[in-house]
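This is work-v4.txt. It holds compact mmCIF, C-alpha atoms.
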```
# COMPACT_ATOMS: atom_id res chain seq x y z
CA MET P 1 -31.90 -9.56 -48.06
CA TYR P 2 -28.85 -7.35 -48.45
CA LYS P 3 -28.85 -6.51 -44.72
CA LEU P 4 -29.20 -10.16 -43.79
CA ALA P 5 -26.31 -11.13 -46.04
CA LEU P 6 -24.11 -8.31 -44.67
CA SER P 7 -24.96 -9.32 -41.09
CA ALA P 8 -24.07 -12.92 -41.82
CA LEU P 9 -20.75 -11.86 -43.40
CA ILE P 10 -19.81 -9.73 -40.34
CA SER P 11 -20.71 -12.57 -37.98
CA LEU P 12 -18.53 -14.92 -40.02
CA MET P 13 -15.60 -12.46 -39.85
CA PHE P 14 -15.86 -12.15 -36.05
CA ALA P 15 -16.09 -15.91 -35.69
CA SER P 16 -12.99 -16.33 -37.84
CA THR P 17 -11.11 -13.72 -35.79
CA ALA P 18 -12.11 -15.40 -32.53
CA VAL P 19 -10.91 -18.79 -33.78
CA THR P 20 -7.60 -17.26 -34.88
CA ALA P 21 -7.15 -15.51 -31.51
CA THR P 22 -7.97 -18.69 -29.63
CA ALA P 23 -5.50 -20.64 -31.70
CA ALA P 24 -2.80 -18.05 -31.02
CA THR P 25 -3.51 -18.18 -27.29
CA ASP P 26 -3.36 -21.94 -27.27
CA ALA P 27 -0.08 -21.82 -29.17
CA ASP P 28 1.36 -19.46 -26.56
CA ALA P 29 0.11 -21.59 -23.70
CA ALA P 30 1.28 -24.97 -25.01
CA PRO P 31 3.90 -25.30 -27.76
CA LYS P 32 3.31 -28.23 -30.09
CA LYS P 33 4.99 -31.44 -29.06
CA HIS P 34 6.96 -31.98 -32.26
CA GLN P 35 8.40 -28.44 -32.02
CA THR P 36 9.67 -29.13 -28.53
CA LYS P 37 11.29 -32.38 -29.56
CA LYS P 38 13.22 -30.83 -32.44
CA SER P 39 14.76 -28.09 -30.30
CA LYS P 40 18.11 -28.64 -28.62
CA THR P 41 17.75 -25.55 -26.45
CA ARG P 42 15.40 -24.75 -23.64
CA GLN P 43 11.89 -24.03 -24.81
CA PRO P 44 10.01 -22.09 -22.12
CA LEU P 45 6.26 -22.12 -22.05
CA ARG P 46 5.28 -18.60 -23.08
CA ILE P 47 2.95 -16.55 -20.93
CA ALA P 48 0.68 -13.75 -22.08
CA ALA P 49 1.96 -10.34 -20.99
CA ALA P 50 -1.30 -9.59 -19.21
CA ASP P 51 -0.89 -12.57 -16.88
CA THR P 52 0.50 -11.91 -13.42
CA GLY P 53 1.46 -13.93 -10.38
CA GLU P 54 3.17 -17.29 -10.02
CA ARG P 55 3.28 -19.62 -13.03
CA VAL P 56 4.78 -23.04 -13.67
CA ILE P 57 7.04 -23.03 -16.72
CA LYS P 58 7.73 -26.20 -18.69
CA ARG P 59 11.25 -26.52 -20.15
CA VAL P 60 12.96 -29.24 -22.18
CA ILE P 61 16.68 -29.64 -21.52
CA LYS P 62 19.37 -32.13 -22.50
CA VAL P 63 21.05 -34.22 -19.82
CA ASN P 64 23.83 -36.58 -21.02
CA GLY P 65 22.47 -36.31 -24.54
CA ARG P 66 18.92 -37.15 -23.52
CA ARG P 67 15.94 -34.85 -23.44
CA LYS P 68 14.43 -34.18 -20.03
CA VAL P 69 11.32 -32.22 -19.12
CA VAL P 70 11.62 -29.96 -16.08
CA TYR P 71 9.15 -27.56 -14.47
CA GLN P 72 10.15 -24.26 -12.90
CA ARG P 73 8.15 -21.76 -10.88
CA MET P 74 8.30 -18.22 -12.17
CA MET P 75 6.88 -14.94 -10.92
CA VAL P 76 5.43 -12.73 -13.62
CA ALA P 77 5.37 -9.08 -12.67
CA ALA P 78 2.29 -6.98 -13.29
CA PRO P 79 2.72 -4.12 -15.76
CA ALA P 80 3.43 -0.76 -14.11
CA VAL P 81 0.28 1.19 -13.31
CA PRO P 82 0.55 4.99 -13.16
CA THR P 83 -0.36 6.44 -9.77
CA MET P 84 -2.67 9.40 -9.28
CA GLY P 85 0.43 11.50 -8.63
CA ASP P 86 1.95 10.47 -11.94
CA LEU P 87 -1.29 11.28 -13.74
CA ALA P 88 -1.19 14.73 -12.13
CA GLY P 89 2.37 15.27 -13.40
CA LEU P 90 4.02 15.23 -9.98
CA ASN P 91 6.71 12.84 -11.20
CA MET P 92 8.15 15.76 -13.18
CA THR P 93 9.09 17.56 -9.94
CA HIS P 94 12.79 17.29 -9.12
CA ASP P 95 14.33 17.81 -5.70
CA PRO P 96 17.91 18.16 -4.39
CA LEU P 97 17.76 14.80 -2.58
CA ASP P 98 16.55 12.87 -5.63
CA LEU P 99 13.70 11.36 -3.64
CA LYS P 100 11.64 8.60 -5.19
CA SER P 101 8.49 10.01 -3.60
CA ASN P 102 6.39 12.44 -5.62
CA VAL P 103 5.39 14.17 -2.38
CA ALA P 104 7.50 14.88 0.70
CA LEU P 105 7.23 17.04 3.78
CA VAL P 106 9.37 17.37 6.90
CA LEU P 107 8.34 19.55 9.85
CA ASP P 108 10.01 20.44 13.11
CA GLN P 109 7.52 18.97 15.57
CA ALA P 110 8.23 21.60 18.22
CA ASN P 111 7.31 24.67 16.17
CA SER P 112 5.83 23.31 12.88
CA GLU P 113 8.70 24.87 10.92
CA VAL P 114 8.86 23.44 7.41
CA LEU P 115 12.31 21.96 6.83
CA PHE P 116 11.66 20.32 3.48
CA GLU P 117 8.70 20.19 1.14
CA LYS P 118 7.82 18.85 -2.27
CA ASN P 119 4.27 19.04 -3.61
CA SER P 120 3.09 19.09 0.00
CA ASN P 121 -0.27 20.77 -0.72
CA VAL P 122 -1.50 18.25 -3.30
CA ALA P 123 -4.26 15.88 -2.16
CA LEU P 124 -3.50 12.29 -3.18
CA PRO P 125 -4.70 8.81 -2.19
CA ILE P 126 -3.12 7.87 1.15
CA ALA P 127 -3.90 4.14 1.30
CA SER P 128 -3.41 2.61 4.77
CA ILE P 129 -2.18 5.83 6.35
CA THR P 130 -5.97 6.17 6.68
CA LYS P 131 -5.73 3.72 9.60
CA MET P 132 -4.04 6.34 11.79
CA MET P 133 -7.20 8.44 11.65
CA THR P 134 -9.17 5.25 12.33
CA GLY P 135 -7.09 4.73 15.46
CA LEU P 136 -7.47 8.33 16.58
CA VAL P 137 -11.28 8.19 16.26
CA VAL P 138 -11.46 4.88 18.16
CA VAL P 139 -9.29 6.13 21.01
CA GLU P 140 -11.05 9.46 21.36
CA ALA P 141 -14.46 7.75 21.33
CA LYS P 142 -13.35 5.97 24.53
CA GLN P 143 -14.89 2.69 23.45
CA ASP P 144 -14.28 -0.39 25.61
CA MET P 145 -10.87 -1.67 24.51
CA ASP P 146 -11.53 -5.07 26.11
CA GLU P 147 -14.73 -5.70 24.15
CA VAL P 148 -14.37 -8.72 21.86
CA LEU P 149 -15.08 -7.97 18.19
CA THR P 150 -15.65 -10.55 15.46
CA VAL P 151 -14.41 -10.39 11.87
CA THR P 152 -17.40 -10.92 9.59
CA ASP P 153 -17.97 -11.28 5.87
CA GLU P 154 -18.56 -7.52 5.74
CA ASP P 155 -14.88 -6.98 6.57
CA VAL P 156 -13.60 -8.98 3.58
CA ASP P 157 -11.92 -6.78 0.97
CA ARG P 158 -13.89 -6.99 -2.27
CA GLU P 159 -12.32 -3.87 -3.78
CA LYS P 160 -8.63 -4.79 -3.92
CA PHE P 161 -8.99 -8.45 -2.89
CA SER P 162 -6.17 -8.05 -0.39
CA SER P 163 -5.19 -10.99 1.78
CA SER P 164 -5.57 -11.14 5.55
CA ARG P 165 -4.48 -13.41 8.37
CA LEU P 166 -7.75 -12.73 10.12
CA LYS P 167 -10.28 -15.24 8.87
CA VAL P 168 -14.00 -14.60 8.98
CA GLY P 169 -15.04 -15.57 12.50
CA SER P 170 -11.79 -14.43 14.12
CA GLN P 171 -12.40 -12.81 17.49
CA LEU P 172 -10.09 -10.16 18.96
CA THR P 173 -10.49 -7.49 21.57
CA ARG P 174 -10.90 -3.95 20.26
CA ALA P 175 -7.38 -3.23 21.57
CA ASN P 176 -5.93 -6.10 19.57
CA MET P 177 -7.88 -5.08 16.47
CA LEU P 178 -6.36 -1.61 16.79
CA HIS P 179 -2.92 -3.09 17.43
CA VAL P 180 -2.79 -5.21 14.25
CA ALA P 181 -4.43 -2.46 12.19
CA LEU P 182 -1.64 -0.01 13.05
CA MET P 183 1.31 -2.38 13.32
CA SER P 184 0.52 -4.89 10.55
CA SER P 185 -1.95 -2.81 8.54
CA GLU P 186 -4.64 -5.48 8.83
CA ASN P 187 -7.51 -4.30 6.65
CA ARG P 188 -10.15 -6.55 8.20
CA ALA P 189 -9.25 -5.29 11.66
CA ALA P 190 -9.63 -1.66 10.55
CA SER P 191 -12.95 -2.52 8.92
CA ALA P 192 -14.19 -4.24 12.08
CA LEU P 193 -13.25 -1.20 14.16
CA GLY P 194 -15.37 1.04 11.95
CA ARG P 195 -18.26 -1.40 11.79
CA ASN P 196 -18.41 -1.65 15.60
CA TYR P 197 -18.63 2.11 16.11
CA PRO P 198 -21.99 3.50 17.33
CA GLY P 199 -24.03 3.93 14.14
CA GLY P 200 -21.84 1.57 12.13
CA LYS P 201 -19.44 2.27 9.26
CA ALA P 202 -21.26 5.31 7.92
CA ALA P 203 -21.18 7.03 11.30
CA PHE P 204 -17.52 6.09 11.74
CA VAL P 205 -16.49 7.58 8.39
CA GLU P 206 -18.40 10.75 9.25
CA ALA P 207 -16.51 10.89 12.56
CA MET P 208 -13.23 10.55 10.65
CA ASN P 209 -14.11 13.45 8.37
CA ALA P 210 -15.33 15.53 11.31
CA LYS P 211 -12.01 14.98 13.09
CA ALA P 212 -10.15 15.97 9.94
CA ARG P 213 -12.10 19.24 9.82
CA GLU P 214 -11.40 19.83 13.51
CA LEU P 215 -7.66 19.42 12.88
CA GLY P 216 -7.76 21.82 9.93
CA MET P 217 -7.08 19.07 7.38
CA VAL P 218 -8.71 21.01 4.54
CA ASP P 219 -7.54 18.74 1.71
CA THR P 220 -8.62 15.49 3.37
CA HIS P 221 -11.58 13.19 2.72
CA TYR P 222 -12.30 9.65 3.92
CA VAL P 223 -14.73 7.05 2.59
CA ASP P 224 -13.62 3.98 4.58
CA SER P 225 -11.67 3.01 7.69
CA ASN P 226 -8.93 0.91 6.06
CA GLY P 227 -7.68 3.01 3.14
CA LEU P 228 -8.40 0.53 0.38
CA SER P 229 -10.35 3.10 -1.63
CA LYS P 230 -8.48 5.62 -3.77
CA MET P 231 -11.09 8.12 -2.58
CA ASN P 232 -9.32 8.40 0.80
CA VAL P 233 -7.19 11.45 0.03
CA ALA P 234 -5.08 13.98 1.91
CA SER P 235 -2.15 16.30 1.38
CA ALA P 236 1.18 15.85 3.13
CA ARG P 237 0.54 19.01 5.15
CA ASP P 238 -2.75 17.55 6.36
CA LEU P 239 -1.09 14.27 7.32
CA ALA P 240 1.51 16.16 9.35
CA LYS P 241 -1.38 17.63 11.37
CA LEU P 242 -2.79 14.13 11.84
CA ALA P 243 0.60 12.83 12.98
CA MET P 244 0.92 15.56 15.58
CA ALA P 245 -2.57 14.86 16.93
CA ALA P 246 -2.08 11.08 16.96
CA TYR P 247 1.27 11.48 18.74
CA GLN P 248 -0.61 12.81 21.76
CA GLN P 249 -2.17 9.35 22.24
CA PRO P 250 0.27 6.91 23.93
CA ILE P 251 -1.60 3.84 22.70
CA LEU P 252 -1.22 4.96 19.06
CA ARG P 253 2.49 5.55 19.59
CA GLN P 254 2.95 2.13 21.16
CA TYR P 255 0.87 0.07 18.74
CA SER P 256 2.23 1.72 15.59
CA THR P 257 5.89 1.30 16.64
CA ASP P 258 5.86 -2.29 17.87
CA ALA P 259 8.14 -4.38 15.69
CA LYS P 260 6.17 -7.55 16.48
CA ALA P 261 3.64 -8.80 18.99
CA MET P 262 1.75 -11.92 20.03
CA ILE P 263 -1.94 -11.27 19.53
CA GLU P 264 -4.66 -13.54 20.87
CA THR P 265 -7.26 -14.52 18.29
CA ASN P 266 -10.03 -16.95 19.24
CA GLY P 267 -8.07 -17.73 22.39
CA ARG P 268 -4.92 -18.71 20.50
CA PRO P 269 -1.75 -16.61 20.15
CA MET P 270 -0.65 -15.41 16.71
CA GLN P 271 2.49 -13.42 15.98
CA PHE P 272 2.15 -10.28 13.89
CA GLY P 273 4.88 -7.97 12.66
CA THR P 274 5.32 -4.40 11.50
CA THR P 275 5.09 -3.17 7.90
CA ASN P 276 7.93 -0.70 8.56
CA HIS P 277 11.32 -2.31 9.15
CA LEU P 278 12.78 0.99 10.39
CA VAL P 279 11.03 0.66 13.75
CA ALA P 280 13.27 -2.31 14.62
CA SER P 281 16.45 -0.56 13.50
CA PRO P 282 18.77 0.60 16.31
CA ASP P 283 19.71 3.55 14.09
CA TRP P 284 16.24 5.05 14.32
CA THR P 285 14.21 6.54 17.16
CA ILE P 286 10.62 6.44 15.93
CA GLY P 287 7.68 7.55 18.05
CA LEU P 288 4.80 7.05 15.60
CA GLN P 289 4.48 5.61 12.12
CA LYS P 290 2.13 4.26 9.49
CA THR P 291 2.77 2.87 6.04
CA GLY P 292 0.39 2.52 3.12
CA PHE P 293 0.11 1.11 -0.38
CA ILE P 294 -2.44 0.72 -3.13
CA ASN P 295 -1.67 1.05 -6.84
CA GLU P 296 -3.26 4.49 -7.10
CA ALA P 297 -1.30 5.84 -4.10
CA GLY P 298 2.12 4.26 -4.56
CA ARG P 299 4.18 3.58 -1.42
CA CYS P 300 3.39 5.96 1.45
CA LEU P 301 4.90 6.66 4.87
CA MET P 302 4.01 8.97 7.75
CA MET P 303 6.44 9.02 10.67
CA GLN P 304 7.57 10.88 13.77
CA ALA P 305 11.26 10.48 14.55
CA VAL P 306 14.03 12.07 16.58
CA ILE P 307 17.07 13.05 14.50
CA GLU P 308 20.07 14.79 16.02
CA GLY P 309 17.97 15.65 19.06
CA ARG P 310 15.23 17.25 16.95
CA SER P 311 11.74 15.73 16.81
CA VAL P 312 10.43 15.82 13.26
CA ILE P 313 7.35 14.73 11.33
CA MET P 314 8.05 13.08 7.97
CA VAL P 315 5.52 12.38 5.24
CA PHE P 316 6.31 10.62 1.96
CA LEU P 317 3.57 9.92 -0.58
CA ASP P 318 3.51 8.20 -3.95
CA SER P 319 6.92 6.57 -3.83
CA LYS P 320 7.96 3.97 -6.40
CA GLY P 321 9.53 0.68 -5.33
CA LYS P 322 8.88 -1.47 -2.27
CA GLN P 323 11.73 -0.03 -0.17
CA SER P 324 11.71 3.43 -1.74
CA ARG P 325 9.74 5.17 1.02
CA THR P 326 12.11 4.02 3.76
CA ALA P 327 15.08 4.76 1.51
CA ASP P 328 13.73 8.30 1.11
CA ALA P 329 13.46 8.53 4.89
CA GLY P 330 17.12 7.49 5.10
CA ARG P 331 18.15 10.18 2.60
CA MET P 332 16.14 12.74 4.52
CA ARG P 333 17.74 11.70 7.78
CA LYS P 334 21.26 12.17 6.41
CA TRP P 335 20.27 15.55 5.07
CA LEU P 336 18.74 16.58 8.41
CA GLU P 337 21.85 15.48 10.29
CA ALA P 338 23.83 18.05 8.31
CA LEU P 339 21.06 20.65 8.27
CA LYS P 340 21.65 24.10 9.68
CA PRO P 341 18.82 25.59 11.79
CA ALA P 342 16.07 27.54 10.03
CA THR P 343 16.91 26.09 6.62
CA LEU P 344 14.05 25.54 4.17
CA VAL P 345 14.27 23.48 1.04
CA SER P 346 11.33 23.73 -1.31
CA SER P 347 10.79 22.17 -4.71
CA PRO P 348 8.35 23.56 -7.29
CA SER P 349 4.89 22.29 -6.47
CA TYR P 350 1.95 21.39 -8.64
CA SER P 351 -1.66 22.07 -7.80
CA THR P 352 -4.46 19.86 -9.02
CA GLY P 353 -8.20 19.82 -8.68
CA MET P 354 -8.12 16.51 -6.83
```

As a first step, turn the structure in this file into structure tokens.
Amino acid sequence: MYKLALSALISLMFASTAVTATAATDADAAPKKHQTKKSKTRQPLRIAAADTGERVIKRVIKVNGRRKVVYQRMMVAAPAVPTMGDLAGLNMTHDPLDLKSNVALVLDQANSEVLFEKNSNVALPIASITKMMTGLVVVEAKQDMDEVLTVTDEDVDREKFSSSRLKVGSQLTRANMLHVALMSSENRAASALGRNYPGGKAAFVEAMNAKARELGMVDTHYVDSNGLSKMNVASARDLAKLAMAAYQQPILRQYSTDAKAMIETNGRPMQFGTTNHLVASPDWTIGLQKTGFINEAGRCLMMQAVIEGRSVIMVFLDSKGKQSRTADAGRMRKWLEALKPATLVSSPSYSTGM
């Protein structure tokens, strides 16, 4: 009897707590009418801190002495999520350029001389930079670039729920799939490329990892063809090797550096654009590039560029802020323009078991 009574009491306490919590939520979501009427100032509809995205906010204002209800759209930012680099302590590394990227590497493309490095040996998630390896595997497999591929339900992102302009049923040639994957970072296109490889996705991912081993990318591992998984990891030094190998393929240079292009899907033209605004800038000469972003990776950028007559490979990983990776590239460019030959700048690096 005692246990039954205690169980009933606990159940009653939880029920009471749930009712209180529900009441508090309802109060936050919709202020009582008489409270709104009494106020002479704006009374915004409060939103729970965990909510994100676009919300419609109800406000009561006074116009010529009369109350008026107006509705305003408001974007609620998601709370900051620590990246894998932050969790590894890489954000504690300082550098002379005050870069916003936790990882940076710049190589002279001609002789692989390291010009600048910061945590360049740490393997981190690389997000859509993965797609450059996807492109390299597709090109080297010499698959028919004119073959028409179809986006299927298998290509829909159910891990990050990212959006795509390619609807299920969209048909593009393999060349166009590769084009939008590199230029516009289309996840469904990258997925379709892997799925249409001999042996399917599993065989394609194995080919990606085999190519990484061939290139000496010892800190690299792939699990998909689009980079949506945080398990796609590489170090900046490995990505520099990938950039050099990919640069040898003219189609990868062209597709990754197009600012925009008209792509035929289902027989109708659609315009796609680049994810890297630097490629359209007259101040930059860029021969290869790929951007990337997922929460675990931060903002990422891999790029080949010519600066003061010198061809360089730049890699920036785990940068904070939407424009921070390109801003870091700008800082690096100014530094390189004033750089004396054979100069090395190195920041203390961390090693992790990742």

| request: Excluding segment 328-338 of chain P and any residue of its chain fewer than 5 positions from it, enumerate the residues within 10 Å of it, using all atoms listed in the file, and give them as a ChimeraX atom specification. | output: /P:97-101,104-106,115-116,278,284,301-303,305-310,312,314-316,319,323,343

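Minimum atom-to-atom distance to Leu107 of chain P, evaluated using all atoms listed in the file, belongs to P:Gln304 out of P:Gln304, P:Asn295, P:Thr134, P:Asn121.
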
| Which of these, P:Val205, P:Ala181, P:Val137, P:Ile294, has the shortest distance to Thr274 of chain P once you count all atoms listed in the file? | P:Ala181

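When all atoms listed in the file are used to compute distances to His221 of chain P, the closest of the residues P:Gly298, P:Gly267, P:Pro125, P:Pro198 turns out to be P:Pro125.
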
| note | Taken to one decimal, the atom CA of Thr220 of chain P-atom CA of Lys320 of chain P distance is 22.4 Å

| task | May I have the residues within 8 Å of segment 153-169 of chain P as a VMD selection string, using only C-alpha atoms and disregarding those fewer than 2 positions away in the same chain? | result | chain P and resid 150 to 151 171 186 to 189 191 to 192 228 to 229

Taking all atoms of segment 207-210 of chain P that the file lists, what box with edges along x, y and z, padded by 4 Å per side, do you get, with centre and edge lengths in Å to one decimal, as lines of an AutoDock Vina configuration file?
```
center_x = -14.9
center_y = 13.0
center_z = 10.5
size_x = 11.3
size_y = 13.0
size_z = 12.2
```

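Each of P:Thr130, P:Asn209, P:Asn232, P:Thr173 was compared to Glu147 of chain P using only C-alpha atoms, and P:Thr173 turns out to be the nearest.
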
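In terms of minimum interatomic distance to Lys290 of chain P, P:His179 ranks closest within P:His179, P:Lys142, P:Lys58, P:Arg237, counting only C-alpha atoms.
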
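Among P:Arg268, P:Lys201, P:Lys131, P:Lys230, the residue with the shortest atom-to-atom distance to Leu252 of chain P, counting all atoms listed in the file, is P:Lys131.
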
| request: Provide the atom CA of Gly321 of chain P to atom CA of Val180 of chain P distance in Å, to one decimal place. | output: 23.9 Å

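Computed from the coordinates, the atom CA of Pro282 of chain P to atom CA of Ala327 of chain P distance equals 15.8 Å.
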
I'd like the neighbourhood of segment 212-214 of chain P as a PDB file with C-alpha atoms, keeping the file's coordinate frame, where a residue qualifies if any of its atoms comes within 10 Å (using all atoms listed in the file), though same-chain residues fewer than 4 positions away should be ignored.
```pdb
ATOM      1  CA  MET P 133      -7.200   8.440  11.650  1.00  0.00           C
ATOM      2  CA  GLU P 206     -18.400  10.750   9.250  1.00  0.00           C
ATOM      3  CA  ALA P 207     -16.510  10.890  12.560  1.00  0.00           C
ATOM      4  CA  MET P 208     -13.230  10.550  10.650  1.00  0.00           C
ATOM      5  CA  VAL P 218      -8.710  21.010   4.540  1.00  0.00           C
ATOM      6  CA  ASP P 219      -7.540  18.740   1.710  1.00  0.00           C
ATOM      7  CA  THR P 220      -8.620  15.490   3.370  1.00  0.00           C
ATOM      8  CA  HIS P 221     -11.580  13.190   2.720  1.00  0.00           C
ATOM      9  CA  TYR P 222     -12.300   9.650   3.920  1.00  0.00           C
ATOM     10  CA  ALA P 234      -5.080  13.980   1.910  1.00  0.00           C
ATOM     11  CA  ASP P 238      -2.750  17.550   6.360  1.00  0.00           C
ATOM     12  CA  LEU P 239      -1.090  14.270   7.320  1.00  0.00           C
ATOM     13  CA  LYS P 241      -1.380  17.630  11.370  1.00  0.00           C
ATOM     14  CA  LEU P 242      -2.790  14.130  11.840  1.00  0.00           C
TER      15      LEU P 242
END
```

Got a minute to add N, CA, C and O atoms to segment 159-176 of chain P and dump it as a compact mmCIF listing (two decimals), keeping the file's coordinate frame?
```txt
# COMPACT_ATOMS: atom_id res chain seq x y z
N GLU P 159 -12.73 -4.94 -2.86
CA GLU P 159 -12.32 -3.87 -3.78
C GLU P 159 -10.94 -4.15 -4.36
O GLU P 159 -10.74 -4.09 -5.56
N LYS P 160 -9.99 -4.48 -3.49
CA LYS P 160 -8.63 -4.79 -3.92
C LYS P 160 -8.30 -6.27 -3.79
O LYS P 160 -7.25 -6.71 -4.25
N PHE P 161 -9.19 -7.02 -3.12
CA PHE P 161 -8.99 -8.45 -2.89
C PHE P 161 -7.68 -8.73 -2.16
O PHE P 161 -6.94 -9.65 -2.50
N SER P 162 -7.38 -7.88 -1.18
CA SER P 162 -6.17 -8.05 -0.39
C SER P 162 -6.32 -9.25 0.54
O SER P 162 -7.42 -9.63 0.93
N SER P 163 -5.19 -9.84 0.89
CA SER P 163 -5.19 -10.99 1.78
C SER P 163 -5.22 -10.53 3.23
O SER P 163 -4.98 -9.36 3.54
N SER P 164 -5.53 -11.45 4.13
CA SER P 164 -5.57 -11.14 5.55
C SER P 164 -5.34 -12.42 6.34
O SER P 164 -5.76 -13.50 5.93
N ARG P 165 -4.68 -12.27 7.47
CA ARG P 165 -4.48 -13.41 8.37
C ARG P 165 -5.67 -13.60 9.30
O ARG P 165 -5.74 -14.60 10.00
N LEU P 166 -6.56 -12.64 9.28
CA LEU P 166 -7.75 -12.73 10.12
C LEU P 166 -8.89 -13.33 9.31
O LEU P 166 -9.47 -12.67 8.44
N LYS P 167 -9.20 -14.57 9.58
CA LYS P 167 -10.28 -15.24 8.87
C LYS P 167 -11.64 -14.76 9.38
O LYS P 167 -11.75 -14.25 10.50
N VAL P 168 -12.64 -14.91 8.54
CA VAL P 168 -14.00 -14.60 8.98
C VAL P 168 -14.32 -15.48 10.19
O VAL P 168 -14.10 -16.69 10.16
N GLY P 169 -14.78 -14.85 11.25
CA GLY P 169 -15.04 -15.57 12.50
C GLY P 169 -13.97 -15.34 13.54
O GLY P 169 -14.16 -15.68 14.72
N SER P 170 -12.84 -14.73 13.15
CA SER P 170 -11.79 -14.43 14.12
C SER P 170 -12.29 -13.43 15.16
O SER P 170 -12.94 -12.44 14.81
N GLN P 171 -11.96 -13.68 16.41
CA GLN P 171 -12.40 -12.81 17.49
C GLN P 171 -11.19 -12.22 18.20
O GLN P 171 -10.29 -12.94 18.65
N LEU P 172 -11.16 -10.89 18.28
CA LEU P 172 -10.09 -10.16 18.96
C LEU P 172 -10.72 -9.07 19.79
O LEU P 172 -11.80 -8.57 19.47
N THR P 173 -10.02 -8.65 20.83
CA THR P 173 -10.49 -7.49 21.57
C THR P 173 -10.32 -6.25 20.70
O THR P 173 -9.56 -6.25 19.72
N ARG P 174 -11.03 -5.21 21.03
CA ARG P 174 -10.90 -3.95 20.26
C ARG P 174 -9.45 -3.47 20.32
O ARG P 174 -8.92 -2.96 19.32
N ALA P 175 -8.78 -3.64 21.46
CA ALA P 175 -7.38 -3.23 21.57
C ALA P 175 -6.51 -3.99 20.59
O ALA P 175 -5.64 -3.41 19.93
N ASN P 176 -6.73 -5.30 20.48
CA ASN P 176 -5.93 -6.10 19.57
C ASN P 176 -6.24 -5.80 18.11
O ASN P 176 -5.36 -5.85 17.24
```
